[in-house]
Amino acid sequence: SFSYTPPVDRENELQSRAEYYRRWMREEFNQESDCLEANPWMEEHVERYLYFIKGGEEKRCWILNDYKFEDTHSDAFDYERVDRFEERAMGLVQGFYKERGWILDKERGLSHGGDDDDDFFSDDEDEEERKR
């Protein structure tokens, strides 16, 4: 069959998508970067920050995989450092709460964790694996 559509310029397409994700990340970062500006920090502030840090890395990996690009920075994200930050930050939060006589949400059985339904960036195979 004959088509009037010009062939896709792969380089232009990739450049356009890269620019889209760059703008999206910049906007997202600017909107959400204030989560640790509160004084004192609260549980939800630290959880929100960790959600964006960990989620950003997950989405970066997903996008590269989805477009079949080699991840040349696969070991650049320091999960141990993030875990150490979480441990120390939550220790600081616990101290703030104790000083003020507040009760931690986890002690009340509440959780503010990230959006558990945010599975857009999950592969179907990964989702199936999690269900097993």
# chains A, B, ... in the order shown; residues from 1 in each chain; ligands from 1
call {"tool": "residues_around", "arguments": {"residues": "range 69-80 of chain A", "least_positions_apart": "4", "cutoff": "12 Å", "atoms": "only C-alpha atoms", "output": "VMD selection string"}}
result
chain A and resid 14 50 53 to 58 60 to 65 84 to 87
call {"tool": "closest_residue", "arguments": {"among": "A:Met25, A:Val82, A:Ala18, A:Val93", "to": "Glu44 in chain A", "atoms": "only C-alpha atoms"}}
result
A:Val93
call {"tool": "atom_distance", "arguments": {"atom1": "CA of Met42 in chain A", "atom2": "CA of Leu92 in chain A"}}
result
9.3 Å
call {"tool": "residues_around", "arguments": {"residues": "Gln94 in chain A", "least_positions_apart": "6", "cutoff": "12 Å", "atoms": "only C-alpha atoms", "output": "PDB file with C-alpha atoms, in the first residue's frame"}}
result
ATOM      1  CA  PRO A  40      10.202  20.584  61.801  1.00  0.00           C
ATOM      2  CA  TRP A  41      10.181  17.738  59.346  1.00  0.00           C
ATOM      3  CA  MET A  42       7.233  15.394  59.634  1.00  0.00           C
ATOM      4  CA  GLU A  43       6.912  11.789  58.562  1.00  0.00           C
ATOM      5  CA  VAL A  46      10.456  12.502  54.424  1.00  0.00           C
ATOM      6  CA  GLU A  86      15.871   7.495  55.360  1.00  0.00           C
ATOM      7  CA  GLU A  87      17.093   5.957  58.601  1.00  0.00           C
ATOM      8  CA  ARG A  88      18.727   9.185  59.791  1.00  0.00           C
ATOM      9  CA  ARG A 100       6.635  17.892  71.134  1.00  0.00           C
ATOM     10  CA  GLY A 101       4.718  14.937  72.564  1.00  0.00           C
ATOM     11  CA  TRP A 102       3.422  13.976  69.124  1.00  0.00           C
ATOM     12  CA  ILE A 103       2.624  10.413  68.117  1.00  0.00           C
ATOM     13  CA  LEU A 104       4.218   8.983  64.981  1.00  0.00           C
ATOM     14  CA  ASP A 105       1.769   7.907  62.320  1.00  0.00           C
ATOM     15  CA  LYS A 106       3.234   4.403  62.271  1.00  0.00           C
ATOM     16  CA  GLU A 107       2.444   4.157  65.994  1.00  0.00           C
TER      17      GLU A 107
END
call {"tool": "closest_residue", "arguments": {"among": "A:Ala38, A:Asp9, A:Glu27, A:Glu47", "to": "Asp83 in chain A", "atoms": "only C-alpha atoms"}}
result
A:Glu47
call {"tool": "atom_distance", "arguments": {"atom1": "CA of Arg10 in chain A", "atom2": "CA of Lys68 in chain A"}}
result
12.9 Å
call {"tool": "residues_around", "arguments": {"residues": "Phe29 in chain A", "least_positions_apart": "5", "cutoff": "12 Å", "atoms": "only C-alpha atoms", "output": "PDB file with C-alpha atoms, in the first residue's frame"}}
result
ATOM      1  CA  TYR A  21      11.005  14.186  29.609  1.00  0.00           C
ATOM      2  CA  ARG A  22      13.578  16.852  30.503  1.00  0.00           C
ATOM      3  CA  ARG A  23      10.870  19.538  30.686  1.00  0.00           C
ATOM      4  CA  TRP A  24       8.542  17.215  32.590  1.00  0.00           C
ATOM      5  CA  ASP A  34       9.946  22.020  48.746  1.00  0.00           C
ATOM      6  CA  CYS A  35       8.964  18.902  50.700  1.00  0.00           C
ATOM      7  CA  TYR A  49      10.924  13.076  49.351  1.00  0.00           C
ATOM      8  CA  PHE A  52      10.144  11.123  44.441  1.00  0.00           C
ATOM      9  CA  ILE A  53      13.804  10.090  44.675  1.00  0.00           C
ATOM     10  CA  GLY A  56      12.441   9.026  39.686  1.00  0.00           C
TER      11      GLY A  56
END
call {"tool": "select_by_dssp", "arguments": {"residues": "range 1-128 of chain A", "states": "helix (DSSP H, G or I)", "output": "ChimeraX atom specification"}}
result
/A:10-36,43-66,79-100,105-107,124-128
